[in-house]
>>> print(open('entry-v1.pdb').read())   # PDB, C-alpha atoms, pLDDT in the B column
MODEL        1
ATOM      1  CA  LEU A 484     -63.973  10.580 -46.402  1.00 73.00           C
ATOM      2  CA  GLU A 485     -64.273   8.357 -43.336  1.00 79.00           C
ATOM      3  CA  ASP A 486     -60.853   9.539 -42.099  1.00 76.00           C
ATOM      4  CA  LEU A 487     -61.878  13.174 -42.437  1.00 72.00           C
ATOM      5  CA  GLN A 488     -65.164  12.539 -40.645  1.00 73.00           C
ATOM      6  CA  ARG A 489     -63.346  10.836 -37.728  1.00 76.00           C
ATOM      7  CA  GLN A 490     -60.877  13.733 -37.375  1.00 78.00           C
ATOM      8  CA  ASP A 491     -61.561  15.899 -34.293  1.00 79.00           C
ATOM      9  CA  ILE A 492     -61.560  19.580 -35.306  1.00 82.00           C
ATOM     10  CA  ASP A 493     -61.332  20.708 -31.655  1.00 86.00           C
ATOM     11  CA  ASP A 494     -58.096  18.712 -31.278  1.00 85.00           C
ATOM     12  CA  ASP A 495     -56.585  20.526 -34.281  1.00 84.00           C
ATOM     13  CA  ILE A 496     -57.640  23.898 -32.824  1.00 90.00           C
ATOM     14  CA  ARG A 497     -56.056  23.065 -29.437  1.00 91.00           C
ATOM     15  CA  ARG A 498     -52.828  21.994 -31.180  1.00 91.00           C
ATOM     16  CA  ALA A 499     -52.738  25.243 -33.207  1.00 94.00           C
ATOM     17  CA  GLU A 500     -53.347  27.317 -30.048  1.00 95.00           C
ATOM     18  CA  LYS A 501     -50.463  25.540 -28.274  1.00 96.00           C
ATOM     19  CA  GLU A 502     -48.195  26.265 -31.240  1.00 96.00           C
ATOM     20  CA  VAL A 503     -49.161  29.951 -31.044  1.00 97.00           C
ATOM     21  CA  GLU A 504     -48.226  29.973 -27.318  1.00 96.00           C
ATOM     22  CA  VAL A 505     -44.858  28.344 -28.094  1.00 96.00           C
ATOM     23  CA  MET A 506     -44.119  30.882 -30.819  1.00 97.00           C
ATOM     24  CA  LYS A 507     -45.060  33.786 -28.503  1.00 97.00           C
ATOM     25  CA  ALA A 508     -42.715  32.404 -25.825  1.00 97.00           C
ATOM     26  CA  ARG A 509     -39.891  32.182 -28.402  1.00 97.00           C
ATOM     27  CA  ARG A 510     -40.601  35.761 -29.494  1.00 97.00           C
ATOM     28  CA  ASP A 511     -40.483  36.934 -25.853  1.00 97.00           C
ATOM     29  CA  GLN A 512     -37.156  35.111 -25.329  1.00 96.00           C
ATOM     30  CA  ALA A 513     -35.693  36.732 -28.441  1.00 96.00           C
ATOM     31  CA  GLN A 514     -36.928  40.170 -27.301  1.00 95.00           C
ATOM     32  CA  TYR A 515     -35.363  39.618 -23.863  1.00 94.00           C
ATOM     33  CA  ALA A 516     -32.029  38.623 -25.477  1.00 91.00           C
ATOM     34  CA  LEU A 517     -32.161  41.763 -27.638  1.00 89.00           C
ATOM     35  CA  ASP A 518     -32.999  43.972 -24.633  1.00 88.00           C
ATOM     36  CA  GLU A 519     -30.002  42.546 -22.742  1.00 83.00           C
ATOM     37  CA  CYS A 520     -27.713  43.747 -25.558  1.00 78.00           C
ATOM     38  CA  VAL A 521     -28.883  47.357 -25.315  1.00 78.00           C
ATOM     39  CA  LEU A 522     -27.275  49.763 -22.840  1.00 75.00           C
ATOM     40  CA  LYS A 523     -30.021  51.730 -21.066  1.00 80.00           C
ATOM     41  CA  ALA A 524     -29.811  54.620 -18.635  1.00 82.00           C
ATOM     42  CA  PRO A 525     -31.310  54.044 -15.181  1.00 82.00           C
ATOM     43  CA  GLN A 526     -33.187  57.338 -15.459  1.00 89.00           C
ATOM     44  CA  ARG A 527     -33.326  60.559 -17.484  1.00 92.00           C
ATOM     45  CA  GLY A 528     -30.062  62.456 -17.765  1.00 91.00           C
ATOM     46  CA  THR A 529     -27.094  63.324 -19.973  1.00 89.00           C
ATOM     47  CA  ILE A 530     -24.311  61.111 -21.235  1.00 89.00           C
ATOM     48  CA  LEU A 531     -21.037  62.794 -20.315  1.00 89.00           C
ATOM     49  CA  ARG A 532     -18.669  60.273 -21.879  1.00 90.00           C
ATOM     50  CA  LEU A 533     -19.274  56.999 -23.729  1.00 88.00           C
ATOM     51  CA  LEU A 534     -16.422  54.565 -23.102  1.00 88.00           C
ATOM     52  CA  VAL A 535     -17.653  51.601 -25.175  1.00 85.00           C
ATOM     53  CA  GLY A 536     -18.626  51.037 -28.768  1.00 84.00           C
ATOM     54  CA  PRO A 537     -20.609  48.553 -30.847  1.00 83.00           C
ATOM     55  CA  GLY A 538     -19.282  45.035 -30.380  1.00 82.00           C
ATOM     56  CA  ASP A 539     -17.538  45.713 -27.061  1.00 82.00           C
ATOM     57  CA  VAL A 540     -18.167  43.005 -24.481  1.00 80.00           C
ATOM     58  CA  LEU A 541     -18.707  44.004 -20.858  1.00 77.00           C
ATOM     59  CA  GLY A 542     -18.155  41.613 -18.016  1.00 77.00           C
ATOM     60  CA  ASN A 543     -18.398  41.773 -14.259  1.00 79.00           C
ATOM     61  CA  GLN A 544     -14.616  42.316 -13.960  1.00 79.00           C
ATOM     62  CA  THR A 545     -14.609  45.577 -15.951  1.00 76.00           C
ATOM     63  CA  LYS A 546     -12.508  48.219 -14.173  1.00 81.00           C
ATOM     64  CA  GLN A 547     -14.146  51.317 -15.628  1.00 82.00           C
ATOM     65  CA  PRO A 548     -17.789  52.133 -16.357  1.00 83.00           C
ATOM     66  CA  ALA A 549     -19.200  51.866 -19.860  1.00 83.00           C
ATOM     67  CA  VAL A 550     -20.774  55.311 -19.594  1.00 86.00           C
ATOM     68  CA  GLN A 551     -20.224  58.393 -17.477  1.00 88.00           C
ATOM     69  CA  PHE A 552     -23.704  59.707 -16.882  1.00 88.00           C
ATOM     70  CA  ALA A 553     -25.249  62.738 -15.126  1.00 88.00           C
ATOM     71  CA  VAL A 554     -28.731  62.169 -13.746  1.00 87.00           C
ATOM     72  CA  GLU A 555     -31.326  64.852 -14.432  1.00 88.00           C
ATOM     73  CA  GLY A 556     -32.298  66.725 -11.293  1.00 86.00           C
ATOM     74  CA  PRO A 557     -30.753  68.924  -8.635  1.00 88.00           C
ATOM     75  CA  GLN A 558     -26.972  69.149  -8.683  1.00 90.00           C
ATOM     76  CA  ILE A 559     -25.040  67.606  -5.811  1.00 90.00           C
ATOM     77  CA  VAL A 560     -21.659  68.651  -4.442  1.00 91.00           C
ATOM     78  CA  ARG A 561     -19.534  66.093  -2.571  1.00 91.00           C
ATOM     79  CA  ALA A 562     -17.492  67.749   0.143  1.00 90.00           C
ATOM     80  CA  ASP A 563     -14.801  66.084   2.244  1.00 90.00           C
ATOM     81  CA  VAL A 564     -15.083  67.398   5.802  1.00 90.00           C
ATOM     82  CA  GLU A 565     -12.139  66.721   8.085  1.00 88.00           C
ATOM     83  CA  GLN A 566     -12.865  64.363  10.953  1.00 87.00           C
ATOM     84  CA  GLU A 567     -12.316  67.002  13.654  1.00 88.00           C
ATOM     85  CA  PHE A 568     -15.020  69.282  12.184  1.00 89.00           C
ATOM     86  CA  ILE A 569     -17.750  66.745  11.329  1.00 89.00           C
ATOM     87  CA  GLY A 570     -19.454  67.280  14.699  1.00 89.00           C
ATOM     88  CA  ARG A 571     -20.320  70.819  13.585  1.00 90.00           C
ATOM     89  CA  VAL A 572     -22.178  69.615  10.459  1.00 92.00           C
ATOM     90  CA  ALA A 573     -25.867  68.596  10.428  1.00 92.00           C
ATOM     91  CA  VAL A 574     -28.351  67.526   7.763  1.00 94.00           C
ATOM     92  CA  GLY A 575     -30.384  70.528   6.575  1.00 93.00           C
ATOM     93  CA  GLN A 576     -27.635  73.040   7.349  1.00 94.00           C
ATOM     94  CA  LEU A 577     -27.164  75.806   4.779  1.00 95.00           C
ATOM     95  CA  ALA A 578     -24.050  75.687   2.621  1.00 94.00           C
ATOM     96  CA  THR A 579     -22.306  78.101   0.306  1.00 93.00           C
ATOM     97  CA  VAL A 580     -20.364  76.692  -2.629  1.00 92.00           C
ATOM     98  CA  GLN A 581     -17.715  78.916  -4.187  1.00 91.00           C
ATOM     99  CA  ASP A 582     -15.890  78.460  -7.482  1.00 87.00           C
ATOM    100  CA  GLU A 583     -12.235  77.846  -6.640  1.00 81.00           C
ATOM    101  CA  THR A 584     -10.986  79.830  -9.655  1.00 79.00           C
ATOM    102  CA  HIS A 585     -13.530  82.716  -9.825  1.00 77.00           C
ATOM    103  CA  TRP A 586     -14.028  84.122  -6.350  1.00 75.00           C
ATOM    104  CA  GLY A 587     -17.196  86.017  -7.254  1.00 76.00           C
ATOM    105  CA  ARG A 588     -19.246  82.958  -8.273  1.00 85.00           C
ATOM    106  CA  THR A 589     -21.221  81.272  -5.485  1.00 89.00           C
ATOM    107  CA  TRP A 590     -24.108  78.814  -5.194  1.00 92.00           C
ATOM    108  CA  LYS A 591     -26.417  78.113  -2.264  1.00 94.00           C
ATOM    109  CA  GLY A 592     -27.462  74.703  -1.041  1.00 94.00           C
ATOM    110  CA  LYS A 593     -28.235  72.472   1.934  1.00 95.00           C
ATOM    111  CA  VAL A 594     -26.548  69.473   3.513  1.00 95.00           C
ATOM    112  CA  GLN A 595     -28.497  66.466   2.287  1.00 94.00           C
ATOM    113  CA  ARG A 596     -26.513  63.570   3.765  1.00 94.00           C
ATOM    114  CA  ILE A 597     -23.501  62.884   5.969  1.00 94.00           C
ATOM    115  CA  ALA A 598     -21.638  59.613   5.466  1.00 92.00           C
ATOM    116  CA  ASP A 599     -21.543  57.123   8.339  1.00 91.00           C
ATOM    117  CA  TRP A 600     -17.870  56.326   7.935  1.00 87.00           C
ATOM    118  CA  ILE A 601     -14.520  58.059   8.049  1.00 84.00           C
ATOM    119  CA  THR A 602     -11.868  57.477   5.402  1.00 82.00           C
ATOM    120  CA  GLN A 603      -8.806  59.026   3.829  1.00 74.00           C
ATOM    121  CA  ARG A 604      -9.290  62.124   1.717  1.00 65.00           C
ATOM    122  CA  ARG A 605     -10.619  61.185  -1.709  1.00 63.00           C
ATOM    123  CA  SER A 606      -8.228  62.441  -4.362  1.00 59.00           C
ATOM    124  CA  VAL A 607      -8.261  61.596  -8.056  1.00 55.00           C
ATOM    125  CA  LEU A 608      -4.928  63.236  -8.789  1.00 58.00           C
ATOM    126  CA  HIS A 609      -1.898  63.482  -6.562  1.00 61.00           C
ATOM    127  CA  GLU A 610      -1.462  67.122  -5.661  1.00 61.00           C
ATOM    128  CA  PRO A 611       2.052  67.838  -4.287  1.00 65.00           C
ATOM    129  CA  LEU A 612       0.928  70.369  -1.659  1.00 64.00           C
ATOM    130  CA  GLU A 613      -2.110  68.387  -0.470  1.00 60.00           C
ATOM    131  CA  PHE A 614      -1.930  66.139   2.583  1.00 60.00           C
ATOM    132  CA  THR A 615      -3.191  62.627   1.843  1.00 61.00           C
ATOM    133  CA  ASP A 616      -3.294  61.132   5.340  1.00 70.00           C
ATOM    134  CA  ILE A 617      -6.140  63.343   6.604  1.00 78.00           C
ATOM    135  CA  ARG A 618      -9.277  61.474   7.722  1.00 85.00           C
ATOM    136  CA  THR A 619     -12.490  62.886   6.242  1.00 89.00           C
ATOM    137  CA  VAL A 620     -16.236  62.299   6.094  1.00 90.00           C
ATOM    138  CA  GLU A 621     -18.116  62.761   2.817  1.00 92.00           C
ATOM    139  CA  VAL A 622     -20.982  65.274   2.969  1.00 94.00           C
ATOM    140  CA  LEU A 623     -23.511  65.609   0.129  1.00 94.00           C
ATOM    141  CA  ILE A 624     -24.853  69.080  -0.529  1.00 95.00           C
ATOM    142  CA  THR A 625     -27.853  69.602  -2.811  1.00 94.00           C
ATOM    143  CA  LEU A 626     -27.744  72.936  -4.625  1.00 94.00           C
ATOM    144  CA  ASP A 627     -30.845  75.112  -4.632  1.00 92.00           C
ATOM    145  CA  PRO A 628     -32.739  75.212  -7.951  1.00 89.00           C
ATOM    146  CA  ASP A 629     -32.823  78.253 -10.261  1.00 88.00           C
ATOM    147  CA  GLN A 630     -29.072  78.863 -10.102  1.00 90.00           C
ATOM    148  CA  PRO A 631     -26.609  78.627 -12.964  1.00 87.00           C
ATOM    149  CA  PRO A 632     -25.315  75.045 -13.084  1.00 84.00           C
ATOM    150  CA  LEU A 633     -21.867  74.050 -11.883  1.00 86.00           C
ATOM    151  CA  ARG A 634     -19.667  72.186 -14.309  1.00 85.00           C
ATOM    152  CA  ILE A 635     -19.411  68.527 -13.416  1.00 86.00           C
ATOM    153  CA  GLY A 636     -16.001  67.832 -11.888  1.00 83.00           C
ATOM    154  CA  GLN A 637     -15.374  71.498 -11.104  1.00 83.00           C
ATOM    155  CA  ARG A 638     -13.283  72.141  -7.975  1.00 84.00           C
ATOM    156  CA  VAL A 639     -15.086  74.272  -5.428  1.00 89.00           C
ATOM    157  CA  ARG A 640     -14.773  75.442  -1.831  1.00 89.00           C
ATOM    158  CA  VAL A 641     -17.675  74.714   0.503  1.00 91.00           C
ATOM    159  CA  ARG A 642     -18.662  76.603   3.642  1.00 91.00           C
ATOM    160  CA  ILE A 643     -21.265  74.891   5.783  1.00 92.00           C
ATOM    161  CA  GLY A 644     -23.338  76.855   8.268  1.00 85.00           C
ATOM    162  CA  SER A 645     -21.752  80.248   7.647  1.00 57.00           C
ATOM    163  CA  SER A 646     -21.635  82.933   5.004  1.00 47.00           C
ATOM    164  CA  PRO A 647     -18.419  83.544   2.977  1.00 44.00           C
TER     165      PRO A 647
ENDMDL
END
>>> encode(input="entry-v1.pdb", output="structure tokens")
Amino acid sequence: LEDLQRQDIDDDIRRAEKEVEVMKARRDQAQYALDECVLKAPQRGTILRLLVGPGDVLGNQTKQPAVQFAVEGPQIVRADVEQEFIGRVAVGQLATVQDETHWGRTWKGKVQRIADWITQRRSVLHEPLEFTDIRTVEVLITLDPDQPPLRIGQRVRVRIGSSP
């Protein structure tokens, strides 16, 4: 009875509160570890192609992305403008985008950004009749809303500052 009477109840409460804090910190660490194992999109959009599966390990030396992803929002066309013509292009200029295979289909847009550097023409596939040593500048064109969407990866012709 004397031992129980000498026991400080406040000390037991403080010890229990510290244990609760420790357990909450462990829970937060476990939640963080779980969150790090989940692949999350940077913003709303559509997954085009998933290139990994459960159990795959990704490192910083991976050569291809885990996911090909299209962000929700206005569509953007990347146009390679030859170095000699880049002086004629300005941000805000109107652009017409034309389907390379169906001549009647066109989209309207505006030049959003012009790259600050000149490089070789960007080409995914080697095309026998296409010159590869041409210096180009990448121009981003944002398509106007309320138009039928382009297919991602579709080849198009772009006219900047003039009508077709």
>>> closest_residue(input="entry-v1.pdb", among="A:Asp563, A:Asp629, A:Glu504, A:Asp539", to="A:Val521", atoms="all atoms listed in the file")
A:Asp539
>>> residues_near_point(input="entry-v1.pdb", point="(-14.4, 48.9, -20.7)", cutoff="10 Å", atoms="all atoms listed in the file", output="ChimeraX atom specification")
/A:533-536,539-542,544-550
>>> resolve_selection(input="entry-v1.pdb", expression="the PyMOL selection byres ((chain A and resi 639-644) around 10)", output="compact mmCIF listing (two decimals) with C-alpha atoms, in the coordinates of the input")
# COMPACT_ATOMS: atom_id res chain seq x y z
CA VAL A 560 -21.66 68.65 -4.44
CA ARG A 561 -19.53 66.09 -2.57
CA ALA A 562 -17.49 67.75 0.14
CA ASP A 563 -14.80 66.08 2.24
CA VAL A 564 -15.08 67.40 5.80
CA ARG A 571 -20.32 70.82 13.58
CA VAL A 572 -22.18 69.61 10.46
CA ALA A 573 -25.87 68.60 10.43
CA GLY A 575 -30.38 70.53 6.58
CA GLN A 576 -27.64 73.04 7.35
CA LEU A 577 -27.16 75.81 4.78
CA ALA A 578 -24.05 75.69 2.62
CA THR A 579 -22.31 78.10 0.31
CA VAL A 580 -20.36 76.69 -2.63
CA GLN A 581 -17.72 78.92 -4.19
CA ASP A 582 -15.89 78.46 -7.48
CA GLU A 583 -12.24 77.85 -6.64
CA THR A 584 -10.99 79.83 -9.65
CA HIS A 585 -13.53 82.72 -9.82
CA TRP A 586 -14.03 84.12 -6.35
CA THR A 589 -21.22 81.27 -5.48
CA TRP A 590 -24.11 78.81 -5.19
CA LYS A 591 -26.42 78.11 -2.26
CA GLY A 592 -27.46 74.70 -1.04
CA LYS A 593 -28.24 72.47 1.93
CA VAL A 594 -26.55 69.47 3.51
CA ILE A 624 -24.85 69.08 -0.53
CA LEU A 633 -21.87 74.05 -11.88
CA GLY A 636 -16.00 67.83 -11.89
CA GLN A 637 -15.37 71.50 -11.10
CA ARG A 638 -13.28 72.14 -7.98
CA SER A 645 -21.75 80.25 7.65
CA SER A 646 -21.64 82.93 5.00
CA PRO A 647 -18.42 83.54 2.98
>>> axis_aligned_box(input="entry-v1.pdb", around="stretch 574-583 of chain A", padding_each_side="6 Å", output="JSON")
{"center_x": -21.3, "center_y": 73.2, "center_z": 0.1, "size_x": 30.1, "size_y": 23.4, "size_z": 27.2}
>>> closest_residue(input="entry-v1.pdb", among="A:Ile492, A:Leu484, A:Ala553, A:Ala598", to="A:Leu623", atoms="all atoms listed in the file")
A:Ala598
>>> atom_distance(input="entry-v1.pdb", atom1="atom CA of A:Cys520", atom2="atom CA of A:Phe552")
18.6 Å
>>> residues_around(input="entry-v1.pdb", residues="A:Glu567", least_positions_apart="4", cutoff="10 Å", atoms="all atoms listed in the file", output="ChimeraX atom specification")
/A:571,618-620
>>> atom_distance(input="entry-v1.pdb", atom1="atom CA of A:Asp627", atom2="atom CA of A:Glu565")
24.1 Å
>>> residues_near_point(input="entry-v1.pdb", point="(-27.3, 69.7, -7.5)", cutoff="6 Å", atoms="all atoms listed in the file", output="JSON list (two decimals) with C-alpha atoms, in the frame of the given file")
[["chain", "number", "residue", "atom", "x", "y", "z"],
["A", 557, "PRO", "CA", -30.75, 68.92, -8.64],
["A", 558, "GLN", "CA", -26.97, 69.15, -8.68],
["A", 559, "ILE", "CA", -25.04, 67.61, -5.81],
["A", 625, "THR", "CA", -27.85, 69.60, -2.81],
["A", 626, "LEU", "CA", -27.74, 72.94, -4.62]]
>>> closest_residue(input="entry-v1.pdb", among="A:Asp494, A:Glu555, A:Glu485, A:Asp599", to="A:Gln526", atoms="all atoms listed in the file")
A:Glu555
>>> atom_distance(input="entry-v1.pdb", atom1="atom CA of A:Ile617", atom2="atom CA of A:Gln566")
8.1 Å
>>> closest_residue(input="entry-v1.pdb", among="A:Val622, A:Val574, A:Ile569, A:Leu531", to="A:Arg634", atoms="all atoms listed in the file")
A:Leu531
>>> closest_residue(input="entry-v1.pdb", among="A:Val554, A:Ile496, A:Pro628, A:Lys501", to="A:Ile530", atoms="all atoms listed in the file")
A:Val554
>>> build_atoms(input="entry-v1.pdb", residues="stretch 623-634 of chain A", atoms="all heavy atoms", output="JSON list (two decimals), in the frame of the given file")
[["chain", "number", "residue", "atom", "x", "y", "z"],
["A", 623, "LEU", "N", -22.83, 65.27, 1.39],
["A", 623, "LEU", "CA", -23.51, 65.61, 0.13],
["A", 623, "LEU", "C", -24.33, 66.86, 0.33],
["A", 623, "LEU", "O", -25.12, 66.96, 1.28],
["A", 623, "LEU", "CB", -24.43, 64.47, -0.32],
["A", 623, "LEU", "CG", -23.76, 63.18, -0.75],
["A", 623, "LEU", "CD1", -24.81, 62.20, -1.26],
["A", 623, "LEU", "CD2", -22.71, 63.42, -1.79],
["A", 624, "ILE", "N", -24.14, 67.81, -0.58],
["A", 624, "ILE", "CA", -24.85, 69.08, -0.53],
["A", 624, "ILE", "C", -25.67, 69.20, -1.81],
["A", 624, "ILE", "O", -25.13, 69.10, -2.91],
["A", 624, "ILE", "CB", -23.86, 70.25, -0.41],
["A", 624, "ILE", "CG1", -23.10, 70.12, 0.90],
["A", 624, "ILE", "CG2", -24.58, 71.58, -0.52],
["A", 624, "ILE", "CD1", -21.85, 70.92, 0.97],
["A", 625, "THR", "N", -26.97, 69.40, -1.66],
["A", 625, "THR", "CA", -27.85, 69.60, -2.81],
["A", 625, "THR", "C", -27.97, 71.10, -3.06],
["A", 625, "THR", "O", -28.33, 71.85, -2.15],
["A", 625, "THR", "CB", -29.25, 69.01, -2.55],
["A", 625, "THR", "OG1", -29.11, 67.63, -2.24],
["A", 625, "THR", "CG2", -30.14, 69.15, -3.77],
["A", 626, "LEU", "N", -27.66, 71.51, -4.29],
["A", 626, "LEU", "CA", -27.74, 72.94, -4.62],
["A", 626, "LEU", "C", -29.19, 73.35, -4.84],
["A", 626, "LEU", "O", -30.01, 72.58, -5.35],
["A", 626, "LEU", "CB", -26.92, 73.22, -5.88],
["A", 626, "LEU", "CG", -25.42, 72.96, -5.77],
["A", 626, "LEU", "CD1", -24.73, 73.31, -7.06],
["A", 626, "LEU", "CD2", -24.81, 73.73, -4.61],
["A", 627, "ASP", "N", -29.50, 74.57, -4.44],
["A", 627, "ASP", "CA", -30.84, 75.11, -4.63],
["A", 627, "ASP", "C", -31.14, 75.24, -6.13],
["A", 627, "ASP", "O", -30.23, 75.51, -6.92],
["A", 627, "ASP", "CB", -30.97, 76.49, -3.98],
["A", 627, "ASP", "CG", -30.82, 76.43, -2.46],
["A", 627, "ASP", "OD1", -30.96, 75.34, -1.89],
["A", 627, "ASP", "OD2", -30.56, 77.49, -1.86],
["A", 628, "PRO", "N", -32.40, 75.06, -6.53],
["A", 628, "PRO", "CA", -32.74, 75.21, -7.95],
["A", 628, "PRO", "C", -32.66, 76.67, -8.38],
["A", 628, "PRO", "O", -32.49, 77.58, -7.56],
["A", 628, "PRO", "CB", -34.18, 74.69, -8.03],
["A", 628, "PRO", "CG", -34.71, 74.78, -6.64],
["A", 628, "PRO", "CD", -33.53, 74.68, -5.71],
["A", 629, "ASP", "N", -32.81, 76.91, -9.67],
["A", 629, "ASP", "CA", -32.82, 78.25, -10.26],
["A", 629, "ASP", "C", -31.51, 79.00, -10.06],
["A", 629, "ASP", "O", -31.50, 80.21, -9.81],
["A", 629, "ASP", "CB", -34.00, 79.09, -9.72],
["A", 629, "ASP", "CG", -35.34, 78.44, -9.99],
["A", 629, "ASP", "OD1", -35.48, 77.80, -11.05],
["A", 629, "ASP", "OD2", -36.23, 78.54, -9.13],
["A", 630, "GLN", "N", -30.41, 78.27, -10.13],
["A", 630, "GLN", "CA", -29.07, 78.86, -10.10],
["A", 630, "GLN", "C", -28.35, 78.38, -11.35],
["A", 630, "GLN", "O", -28.67, 77.33, -11.88],
["A", 630, "GLN", "CB", -28.28, 78.41, -8.87],
["A", 630, "GLN", "CG", -28.90, 78.79, -7.55],
["A", 630, "GLN", "CD", -28.03, 78.35, -6.39],
["A", 630, "GLN", "OE1", -27.21, 79.13, -5.93],
["A", 630, "GLN", "NE2", -28.19, 77.13, -5.94],
["A", 631, "PRO", "N", -27.38, 79.14, -11.84],
["A", 631, "PRO", "CA", -26.61, 78.63, -12.96],
["A", 631, "PRO", "C", -25.93, 77.31, -12.57],
["A", 631, "PRO", "O", -25.48, 77.18, -11.42],
["A", 631, "PRO", "CB", -25.56, 79.71, -13.24],
["A", 631, "PRO", "CG", -25.87, 80.85, -12.35],
["A", 631, "PRO", "CD", -26.92, 80.44, -11.38],
["A", 632, "PRO", "N", -25.89, 76.34, -13.46],
["A", 632, "PRO", "CA", -25.32, 75.04, -13.08],
["A", 632, "PRO", "C", -23.80, 75.10, -12.91],
["A", 632, "PRO", "O", -23.12, 75.89, -13.56],
["A", 632, "PRO", "CB", -25.68, 74.14, -14.26],
["A", 632, "PRO", "CG", -25.85, 75.06, -15.41],
["A", 632, "PRO", "CD", -26.36, 76.36, -14.84],
["A", 633, "LEU", "N", -23.31, 74.27, -12.01],
["A", 633, "LEU", "CA", -21.87, 74.05, -11.88],
["A", 633, "LEU", "C", -21.44, 73.12, -13.01],
["A", 633, "LEU", "O", -22.23, 72.31, -13.49],
["A", 633, "LEU", "CB", -21.55, 73.35, -10.56],
["A", 633, "LEU", "CG", -21.50, 74.18, -9.30],
["A", 633, "LEU", "CD1", -21.45, 73.26, -8.09],
["A", 633, "LEU", "CD2", -20.28, 75.05, -9.30],
["A", 634, "ARG", "N", -20.19, 73.17, -13.37],
["A", 634, "ARG", "CA", -19.67, 72.19, -14.31],
["A", 634, "ARG", "C", -19.36, 70.92, -13.52],
["A", 634, "ARG", "O", -18.83, 70.99, -12.42],
["A", 634, "ARG", "CB", -18.41, 72.69, -14.99],
["A", 634, "ARG", "CG", -18.67, 73.84, -15.94],
["A", 634, "ARG", "CD", -17.39, 74.14, -16.72],
["A", 634, "ARG", "NE", -17.50, 75.40, -17.40],
["A", 634, "ARG", "CZ", -18.03, 75.54, -18.61],
["A", 634, "ARG", "NH1", -18.48, 74.51, -19.25],
["A", 634, "ARG", "NH2", -18.08, 76.72, -19.18]]
